[in-house]
Structures are given as C-alpha cells and as structure tokens.
Amino acid sequence: MPRVSQAHLDARRQQIVDAARARFARDGFAHTSMADIVTESGLSNGAIYRYFTSKEEIVIAVCEQGTEALPRALTAEAVAGFLEHVRARARENGHARLVAQIYAEAAVSPSLAAVVQRQLAAMRAAIAELVPDPRRPQAGQIAEAFVALCASYNQQLAIRGDLDPAPYTAALMAIIKG
C-alpha cells in the first residue's frame with residue numbers, strides 16, 4: 001500500500017482548518033458542530049478525527065494560524081494601512097467575527113487562552129520595537145495601548161459592521177506621539 005506523503009497529510013489538515021474557519025466565521029463556534037465541519041470540508045468523519053480529537057483542538061488550530069500583518073512602522077500611513085487591512089479582512093471573510101469569537105472562547109478555555117495570550121504578547125513586543133526613540137521609555141505602555149485599541153477596532157467591526165478606520169488611526173497616532 002502506498003505511503004501518504006507529509007505534504008498530503010498537511011494539505012488535509014489545512015483543508016479541515018480552512019473549512020472550520022469559514023464555518024466558525026459564518027455560524028459561530030456554538031452553532032458549528034463537528035458534523036458541520038465534516039460537511040464544509042468534504043472529508044469523512046474519520047479523516048477529521050485523524051487530525052483532531054475535538055472541536056476545541058480545531059478552534060486552537062484556527063487561532064494558531066491567525067496572525068495579523070502588523071504595520072512596519074508607527075507612522076500615520078503605516079497604521080492607516082494596517083487598519084485598512086483589518087477592515088478588508090472583516091469585509092471579505094468575516095475575520096472580525098471570528099476573532100471576537102476566539103476572544104470569547106478564550107475566556108472559558110485555558111488552552112485557547114494560552115494561545116491568545118502568546119499571540120497578544122508577540123504583537124505587543126513587535127509594536128514596542130517600532131516605537132520611535134523619543135518615546136522608547138514608554139514603549140511597553142504604547143504597545144499595550146496600541147494592541148488594545150486595535151482589538152477594540154476589530155470588535156467594533158464584528159458588531160457594527162464596516163467602519164472607517166480614520167478615528168482609530170488618529171487615536172493610535174495620538175498614543176504613539178504622546
């Protein structure tokens with residue numbers, strides 16, 4: 001019997017994660033069953049359970065792949081571009097709704113909370129590295145506020161729909177400049 005390649009196994013696992021991400025964004029975690037993920041993926045129950053033993057494992061896999069493309073600099077143009085990217089992802093594939101659900105689920109799932117905490121810490125560290133020299137002593141505070149305000153913008157997109165990022169850009173720049 002021919003051996004299945006690692007590339008094939010990785011592709012199947014990704015197919016499951018992609019199907020779950022789409023279903024979670026559309027219907028929410030609570031309203032998505034393993035059977036729904038099976039249907040969305042087009043794979044069998046056995047194929048799903050080969051890679052994941054529970055829906056929580058799939059939620060964690062979805063979360064682990066969720067990284068935002070942070071701005072490369074803390075300029076008004078770069079920050080506006082980043083927030084526009086967040087806005088586009090919310091419009092195109094329901095990413096804001098998915099993130100809102102991940103945060104809510106992390107409040108009751110210690111294993112998911114650990115993943116989210118690592119991601120937020122990495123985001124804060126990346127932002128702190130971008131803080132301009134005159135504001136370096138406040139880099140930790142600026143990064144904390146930056147990430148919190150971006151999370152808030154994402155939550156607002158999930159709840160209120162498409163929002164102009166301009167007020168958020170202005171608020172972030174005020175925080176950065178002091």
# chains A, B, ... in the order shown; residues from 1 in each chain; ligands from 1

$ residues_around --residues "Arg21 (chain A)" --least-positions-apart "5" --cutoff "9 Å" --atoms "only C-alpha atoms" --output "mmCIF file with C-alpha atoms, in the first residue's frame"
data_model
loop_
_atom_site.group_PDB
_atom_site.id
_atom_site.type_symbol
_atom_site.label_atom_id
_atom_site.label_comp_id
_atom_site.auth_asym_id
_atom_site.auth_seq_id
_atom_site.Cartn_x
_atom_site.Cartn_y
_atom_site.Cartn_z
ATOM 1 C CA ILE A 16 -10.047 20.961 7.789
ATOM 2 C CA ARG A 26 -20.239 32.377 9.406
ATOM 3 C CA ILE A 58 -9.743 22.691 15.749
ATOM 4 C CA VAL A 59 -10.531 26.073 17.338
ATOM 5 C CA VAL A 62 -7.580 28.078 13.663
ATOM 6 C CA HIS A 95 -12.364 37.701 10.184
ATOM 7 C CA LEU A 98 -14.006 35.037 14.048
#

$ closest_atom_pairs --of "region 79-128 of chain A" --to "region 138-143 of chain A" --cutoff "10 Å" --atoms "only C-alpha atoms" --output "Markdown table"
| residue | atom | partner | partner_atom | distance |
| --- | --- | --- | --- | --- |
| A:Ala121 | CA | A:Ala143 | CA | 9.6 |
| A:Met123 | CA | A:Ala143 | CA | 8.1 |
| A:Arg124 | CA | A:Ala143 | CA | 5.0 |
| A:Ala125 | CA | A:Ala143 | CA | 7.2 |
| A:Ala126 | CA | A:Ala143 | CA | 8.2 |
| A:Ile127 | CA | A:Ala143 | CA | 5.3 |
| A:Ala128 | CA | A:Ala139 | CA | 4.9 |

$ closest_residue --among "A:Gly94, A:Pro167, A:Pro110, A:Gly178" --to "Ile60 (chain A)" --atoms "only C-alpha atoms"
A:Pro110

$ select_by_dssp --residues "region 20-168 of chain A" --states "alpha helix (DSSP H)" --output "VMD selection string"
chain A and resid 20 to 27 34 to 41 45 to 51 55 to 64 76 to 93 95 to 106 110 to 130 139 to 160 166 to 168

$ closest_atom_pairs --of "region 21-83 of chain A" --to "region 100-106 of chain A" --cutoff "10 Å" --atoms "only C-alpha atoms" --output "Markdown table"
| residue | atom | partner | partner_atom | distance |
| --- | --- | --- | --- | --- |
| A:Phe24 | CA | A:Gln101 | CA | 8.3 |
| A:Ala25 | CA | A:Gln101 | CA | 8.3 |
| A:Gly28 | CA | A:Gln101 | CA | 6.9 |
| A:Phe29 | CA | A:Gln101 | CA | 7.1 |
| A:Ala30 | CA | A:Gln101 | CA | 9.4 |
| A:Glu56 | CA | A:Glu105 | CA | 9.5 |
| A:Val59 | CA | A:Ile102 | CA | 7.8 |
| A:Ile60 | CA | A:Ile102 | CA | 8.8 |
| A:Val62 | CA | A:Ile102 | CA | 9.1 |
| A:Cys63 | CA | A:Ile102 | CA | 7.1 |

$ write_last_selection --atoms "N, CA and C atoms" --output "PDB file, in the first residue's frame"
ATOM      1  N   PHE A  24     -16.890  28.710  11.308  1.00  0.00           N
ATOM      2  CA  PHE A  24     -16.893  29.475  12.564  1.00  0.00           C
ATOM      3  C   PHE A  24     -17.194  30.948  12.308  1.00  0.00           C
ATOM      4  N   ALA A  25     -16.590  31.512  11.267  1.00  0.00           N
ATOM      5  CA  ALA A  25     -16.819  32.925  10.950  1.00  0.00           C
ATOM      6  C   ALA A  25     -18.273  33.163  10.564  1.00  0.00           C
ATOM      7  N   GLY A  28     -20.479  30.823  13.953  1.00  0.00           N
ATOM      8  CA  GLY A  28     -20.051  30.856  15.344  1.00  0.00           C
ATOM      9  C   GLY A  28     -19.631  29.485  15.835  1.00  0.00           C
ATOM     10  N   PHE A  29     -18.866  29.489  16.926  1.00  0.00           N
ATOM     11  CA  PHE A  29     -18.395  28.224  17.492  1.00  0.00           C
ATOM     12  C   PHE A  29     -19.546  27.391  18.018  1.00  0.00           C
ATOM     13  N   ALA A  30     -20.440  28.035  18.765  1.00  0.00           N
ATOM     14  CA  ALA A  30     -21.531  27.309  19.413  1.00  0.00           C
ATOM     15  C   ALA A  30     -22.483  26.672  18.406  1.00  0.00           C
ATOM     16  N   GLU A  56     -12.567  21.707  20.066  1.00  0.00           N
ATOM     17  CA  GLU A  56     -11.662  22.647  20.730  1.00  0.00           C
ATOM     18  C   GLU A  56     -10.266  22.598  20.099  1.00  0.00           C
ATOM     19  N   VAL A  59     -10.496  24.644  17.009  1.00  0.00           N
ATOM     20  CA  VAL A  59     -10.531  26.073  17.338  1.00  0.00           C
ATOM     21  C   VAL A  59      -9.118  26.567  17.616  1.00  0.00           C
ATOM     22  N   ILE A  60      -8.362  25.811  18.381  1.00  0.00           N
ATOM     23  CA  ILE A  60      -6.980  26.193  18.700  1.00  0.00           C
ATOM     24  C   ILE A  60      -6.138  26.247  17.428  1.00  0.00           C
ATOM     25  N   VAL A  62      -7.161  26.874  14.390  1.00  0.00           N
ATOM     26  CA  VAL A  62      -7.580  28.078  13.663  1.00  0.00           C
ATOM     27  C   VAL A  62      -6.917  29.301  14.283  1.00  0.00           C
ATOM     28  N   CYS A  63      -6.945  29.375  15.594  1.00  0.00           N
ATOM     29  CA  CYS A  63      -6.362  30.522  16.302  1.00  0.00           C
ATOM     30  C   CYS A  63      -4.854  30.588  16.080  1.00  0.00           C
TER      31      CYS A  63
END

$ residues_around --residues "Gln14 (chain A)" --least-positions-apart "3" --cutoff "10 Å" --atoms "only C-alpha atoms" --output "list in words"
His8, Leu9, Asp10, Ala11, Val17, Asp18, Ala19, Ala20, Ser41, Tyr51, Ala61 and Val62 of chain A

$ write_last_selection --atoms "N, CA and C atoms" --output "PDB file, in the first residue's frame"
ATOM      1  N   HIS A   8       0.706  15.669   1.672  1.00  0.00           N
ATOM      2  CA  HIS A   8      -0.705  15.308   1.567  1.00  0.00           C
ATOM      3  C   HIS A   8      -1.382  15.420   2.937  1.00  0.00           C
ATOM      4  N   LEU A   9      -0.723  14.914   3.971  1.00  0.00           N
ATOM      5  CA  LEU A   9      -1.271  14.999   5.323  1.00  0.00           C
ATOM      6  C   LEU A   9      -1.448  16.450   5.757  1.00  0.00           C
ATOM      7  N   ASP A  10      -0.447  17.271   5.463  1.00  0.00           N
ATOM      8  CA  ASP A  10      -0.518  18.692   5.811  1.00  0.00           C
ATOM      9  C   ASP A  10      -1.648  19.385   5.057  1.00  0.00           C
ATOM     10  N   ALA A  11      -1.828  19.026   3.793  1.00  0.00           N
ATOM     11  CA  ALA A  11      -2.896  19.623   2.984  1.00  0.00           C
ATOM     12  C   ALA A  11      -4.272  19.243   3.524  1.00  0.00           C
ATOM     13  N   VAL A  17      -8.877  22.865   8.733  1.00  0.00           N
ATOM     14  CA  VAL A  17      -8.768  24.160   9.417  1.00  0.00           C
ATOM     15  C   VAL A  17      -9.458  25.248   8.599  1.00  0.00           C
ATOM     16  N   ASP A  18      -9.254  25.256   7.297  1.00  0.00           N
ATOM     17  CA  ASP A  18      -9.898  26.254   6.440  1.00  0.00           C
ATOM     18  C   ASP A  18     -11.421  26.122   6.464  1.00  0.00           C
ATOM     19  N   ALA A  19     -11.904  24.883   6.422  1.00  0.00           N
ATOM     20  CA  ALA A  19     -13.348  24.651   6.470  1.00  0.00           C
ATOM     21  C   ALA A  19     -13.916  25.116   7.809  1.00  0.00           C
ATOM     22  N   ALA A  20     -13.225  24.798   8.883  1.00  0.00           N
ATOM     23  CA  ALA A  20     -13.683  25.210  10.213  1.00  0.00           C
ATOM     24  C   ALA A  20     -13.667  26.730  10.347  1.00  0.00           C
ATOM     25  N   SER A  41     -15.816  20.646   4.905  1.00  0.00           N
ATOM     26  CA  SER A  41     -14.512  20.204   4.384  1.00  0.00           C
ATOM     27  C   SER A  41     -14.636  19.219   3.231  1.00  0.00           C
ATOM     28  N   TYR A  51      -6.948  13.905  12.473  1.00  0.00           N
ATOM     29  CA  TYR A  51      -6.144  15.087  12.749  1.00  0.00           C
ATOM     30  C   TYR A  51      -6.516  15.782  14.048  1.00  0.00           C
ATOM     31  N   ALA A  61      -6.307  25.278  16.540  1.00  0.00           N
ATOM     32  CA  ALA A  61      -5.554  25.281  15.272  1.00  0.00           C
ATOM     33  C   ALA A  61      -5.890  26.509  14.433  1.00  0.00           C
ATOM     34  N   VAL A  62      -7.161  26.874  14.390  1.00  0.00           N
ATOM     35  CA  VAL A  62      -7.580  28.078  13.663  1.00  0.00           C
ATOM     36  C   VAL A  62      -6.917  29.301  14.283  1.00  0.00           C
TER      37      VAL A  62
END

$ closest_residue --among "A:Gln15, A:Leu70, A:His31, A:Val99" --to "Leu43 (chain A)" --atoms "only C-alpha atoms"
A:Gln15

$ atom_distance --atom1 "CA of Asn93 (chain A)" --atom2 "CA of Arg12 (chain A)"
20.9 Å

$ residues_around --residues "Arg23 (chain A)" --least-positions-apart "5" --cutoff "8 Å" --atoms "only C-alpha atoms" --output "ChimeraX atom specification"
/A:28,32,36-37,40

$ closest_residue --among "A:Ile175, A:Glu64, A:Ala69, A:Leu163" --to "Ala113 (chain A)" --atoms "only C-alpha atoms"
A:Glu64

$ decode --residues "region 44-155 of chain A" --atoms "C-alpha atoms" --output "PDB file, in the first residue's frame"
ATOM      1  CA  SER A  44     -15.186  11.965   6.175  1.00  0.00           C
ATOM      2  CA  ASN A  45     -15.632  11.810   9.953  1.00  0.00           C
ATOM      3  CA  GLY A  46     -12.629   9.512  10.127  1.00  0.00           C
ATOM      4  CA  ALA A  47     -10.478  11.978   8.210  1.00  0.00           C
ATOM      5  CA  ILE A  48     -11.390  14.799  10.595  1.00  0.00           C
ATOM      6  CA  TYR A  49     -10.751  12.695  13.700  1.00  0.00           C
ATOM      7  CA  ARG A  50      -7.422  11.523  12.313  1.00  0.00           C
ATOM      8  CA  TYR A  51      -6.144  15.087  12.749  1.00  0.00           C
ATOM      9  CA  PHE A  52      -8.280  16.443  15.601  1.00  0.00           C
ATOM     10  CA  THR A  53      -9.894  14.727  18.565  1.00  0.00           C
ATOM     11  CA  SER A  54     -12.289  17.572  19.369  1.00  0.00           C
ATOM     12  CA  LYS A  55     -13.758  20.812  18.135  1.00  0.00           C
ATOM     13  CA  GLU A  56     -11.662  22.647  20.730  1.00  0.00           C
ATOM     14  CA  GLU A  57      -8.492  21.320  19.061  1.00  0.00           C
ATOM     15  CA  ILE A  58      -9.743  22.691  15.749  1.00  0.00           C
ATOM     16  CA  VAL A  59     -10.531  26.073  17.338  1.00  0.00           C
ATOM     17  CA  ILE A  60      -6.980  26.193  18.700  1.00  0.00           C
ATOM     18  CA  ALA A  61      -5.554  25.281  15.272  1.00  0.00           C
ATOM     19  CA  VAL A  62      -7.580  28.078  13.663  1.00  0.00           C
ATOM     20  CA  CYS A  63      -6.362  30.522  16.302  1.00  0.00           C
ATOM     21  CA  GLU A  64      -2.727  29.453  15.962  1.00  0.00           C
ATOM     22  CA  GLN A  65      -2.822  30.360  12.278  1.00  0.00           C
ATOM     23  CA  GLY A  66      -4.338  33.764  12.941  1.00  0.00           C
ATOM     24  CA  THR A  67      -1.661  36.393  12.762  1.00  0.00           C
ATOM     25  CA  GLU A  68      -2.162  39.951  11.686  1.00  0.00           C
ATOM     26  CA  ALA A  69       0.252  41.713   9.375  1.00  0.00           C
ATOM     27  CA  LEU A  70       1.360  44.427  11.775  1.00  0.00           C
ATOM     28  CA  PRO A  71       2.497  47.816  10.484  1.00  0.00           C
ATOM     29  CA  ARG A  72       6.186  48.046   9.571  1.00  0.00           C
ATOM     30  CA  ALA A  73       6.479  51.460  11.163  1.00  0.00           C
ATOM     31  CA  LEU A  74       4.423  53.575  13.535  1.00  0.00           C
ATOM     32  CA  THR A  75       3.660  56.299  11.002  1.00  0.00           C
ATOM     33  CA  ALA A  76       0.181  57.548  10.189  1.00  0.00           C
ATOM     34  CA  GLU A  77       0.387  55.976   6.728  1.00  0.00           C
ATOM     35  CA  ALA A  78       1.540  52.571   8.013  1.00  0.00           C
ATOM     36  CA  VAL A  79      -1.017  52.490  10.838  1.00  0.00           C
ATOM     37  CA  ALA A  80      -3.832  53.512   8.460  1.00  0.00           C
ATOM     38  CA  GLY A  81      -2.748  50.790   6.033  1.00  0.00           C
ATOM     39  CA  PHE A  82      -2.741  48.193   8.805  1.00  0.00           C
ATOM     40  CA  LEU A  83      -6.234  49.151   9.973  1.00  0.00           C
ATOM     41  CA  GLU A  84      -7.470  49.128   6.387  1.00  0.00           C
ATOM     42  CA  HIS A  85      -6.075  45.572   6.088  1.00  0.00           C
ATOM     43  CA  VAL A  86      -8.013  44.578   9.243  1.00  0.00           C
ATOM     44  CA  ARG A  87     -11.134  46.201   7.782  1.00  0.00           C
ATOM     45  CA  ALA A  88     -10.726  44.397   4.442  1.00  0.00           C
ATOM     46  CA  ARG A  89     -10.356  41.015   6.164  1.00  0.00           C
ATOM     47  CA  ALA A  90     -13.516  41.723   8.149  1.00  0.00           C
ATOM     48  CA  ARG A  91     -15.445  42.513   4.956  1.00  0.00           C
ATOM     49  CA  GLU A  92     -14.035  39.731   2.820  1.00  0.00           C
ATOM     50  CA  ASN A  93     -14.127  36.703   5.105  1.00  0.00           C
ATOM     51  CA  GLY A  94     -15.709  37.614   8.415  1.00  0.00           C
ATOM     52  CA  HIS A  95     -12.364  37.701  10.184  1.00  0.00           C
ATOM     53  CA  ALA A  96     -13.552  40.240  12.789  1.00  0.00           C
ATOM     54  CA  ARG A  97     -16.434  37.951  13.798  1.00  0.00           C
ATOM     55  CA  LEU A  98     -14.006  35.037  14.048  1.00  0.00           C
ATOM     56  CA  VAL A  99     -11.586  36.979  16.273  1.00  0.00           C
ATOM     57  CA  ALA A 100     -14.458  38.127  18.502  1.00  0.00           C
ATOM     58  CA  GLN A 101     -15.478  34.522  18.983  1.00  0.00           C
ATOM     59  CA  ILE A 102     -11.928  33.412  19.666  1.00  0.00           C
ATOM     60  CA  TYR A 103     -11.609  36.026  22.423  1.00  0.00           C
ATOM     61  CA  ALA A 104     -14.943  34.981  23.942  1.00  0.00           C
ATOM     62  CA  GLU A 105     -13.999  31.299  23.834  1.00  0.00           C
ATOM     63  CA  ALA A 106     -10.553  32.057  25.295  1.00  0.00           C
ATOM     64  CA  ALA A 107     -12.319  33.448  28.373  1.00  0.00           C
ATOM     65  CA  VAL A 108     -13.576  29.932  29.187  1.00  0.00           C
ATOM     66  CA  SER A 109     -10.894  27.728  27.609  1.00  0.00           C
ATOM     67  CA  PRO A 110      -7.491  27.797  29.323  1.00  0.00           C
ATOM     68  CA  SER A 111      -5.750  26.112  26.385  1.00  0.00           C
ATOM     69  CA  LEU A 112      -7.137  28.639  23.902  1.00  0.00           C
ATOM     70  CA  ALA A 113      -6.415  31.492  26.324  1.00  0.00           C
ATOM     71  CA  ALA A 114      -2.758  30.423  26.387  1.00  0.00           C
ATOM     72  CA  VAL A 115      -2.564  30.647  22.581  1.00  0.00           C
ATOM     73  CA  VAL A 116      -4.256  34.051  22.516  1.00  0.00           C
ATOM     74  CA  GLN A 117      -2.018  35.353  25.308  1.00  0.00           C
ATOM     75  CA  ARG A 118       1.104  34.272  23.376  1.00  0.00           C
ATOM     76  CA  GLN A 119      -0.170  35.992  20.234  1.00  0.00           C
ATOM     77  CA  LEU A 120      -1.002  39.212  22.071  1.00  0.00           C
ATOM     78  CA  ALA A 121       2.396  39.212  23.787  1.00  0.00           C
ATOM     79  CA  ALA A 122       4.112  38.764  20.412  1.00  0.00           C
ATOM     80  CA  MET A 123       2.081  41.637  18.959  1.00  0.00           C
ATOM     81  CA  ARG A 124       2.950  43.910  21.892  1.00  0.00           C
ATOM     82  CA  ALA A 125       6.636  43.031  21.582  1.00  0.00           C
ATOM     83  CA  ALA A 126       6.617  43.710  17.829  1.00  0.00           C
ATOM     84  CA  ILE A 127       4.915  47.069  18.310  1.00  0.00           C
ATOM     85  CA  ALA A 128       7.238  48.028  21.174  1.00  0.00           C
ATOM     86  CA  GLU A 129      10.197  47.502  18.823  1.00  0.00           C
ATOM     87  CA  LEU A 130       8.715  50.073  16.428  1.00  0.00           C
ATOM     88  CA  VAL A 131       8.255  52.851  18.981  1.00  0.00           C
ATOM     89  CA  PRO A 132      10.306  55.915  17.945  1.00  0.00           C
ATOM     90  CA  ASP A 133      13.384  56.777  20.031  1.00  0.00           C
ATOM     91  CA  PRO A 134      11.976  59.821  21.848  1.00  0.00           C
ATOM     92  CA  ARG A 135       9.152  57.608  23.188  1.00  0.00           C
ATOM     93  CA  ARG A 136      11.292  54.487  23.912  1.00  0.00           C
ATOM     94  CA  PRO A 137      10.876  54.729  27.708  1.00  0.00           C
ATOM     95  CA  GLN A 138       7.109  54.328  27.214  1.00  0.00           C
ATOM     96  CA  ALA A 139       7.368  51.560  24.585  1.00  0.00           C
ATOM     97  CA  GLY A 140       5.630  48.956  26.749  1.00  0.00           C
ATOM     98  CA  GLN A 141       2.720  51.248  27.557  1.00  0.00           C
ATOM     99  CA  ILE A 142       2.388  52.384  23.952  1.00  0.00           C
ATOM    100  CA  ALA A 143       2.417  48.800  22.705  1.00  0.00           C
ATOM    101  CA  GLU A 144      -0.183  47.757  25.290  1.00  0.00           C
ATOM    102  CA  ALA A 145      -2.496  50.611  24.275  1.00  0.00           C
ATOM    103  CA  PHE A 146      -1.880  50.030  20.557  1.00  0.00           C
ATOM    104  CA  VAL A 147      -2.843  46.357  20.732  1.00  0.00           C
ATOM    105  CA  ALA A 148      -5.851  47.090  22.950  1.00  0.00           C
ATOM    106  CA  LEU A 149      -7.181  49.774  20.602  1.00  0.00           C
ATOM    107  CA  CYS A 150      -6.667  47.534  17.558  1.00  0.00           C
ATOM    108  CA  ALA A 151      -8.549  44.731  19.330  1.00  0.00           C
ATOM    109  CA  SER A 152     -11.327  47.210  20.056  1.00  0.00           C
ATOM    110  CA  TYR A 153     -11.478  48.246  16.402  1.00  0.00           C
ATOM    111  CA  ASN A 154     -11.759  44.585  15.444  1.00  0.00           C
ATOM    112  CA  GLN A 155     -14.591  44.063  17.956  1.00  0.00           C
TER     113      GLN A 155
END
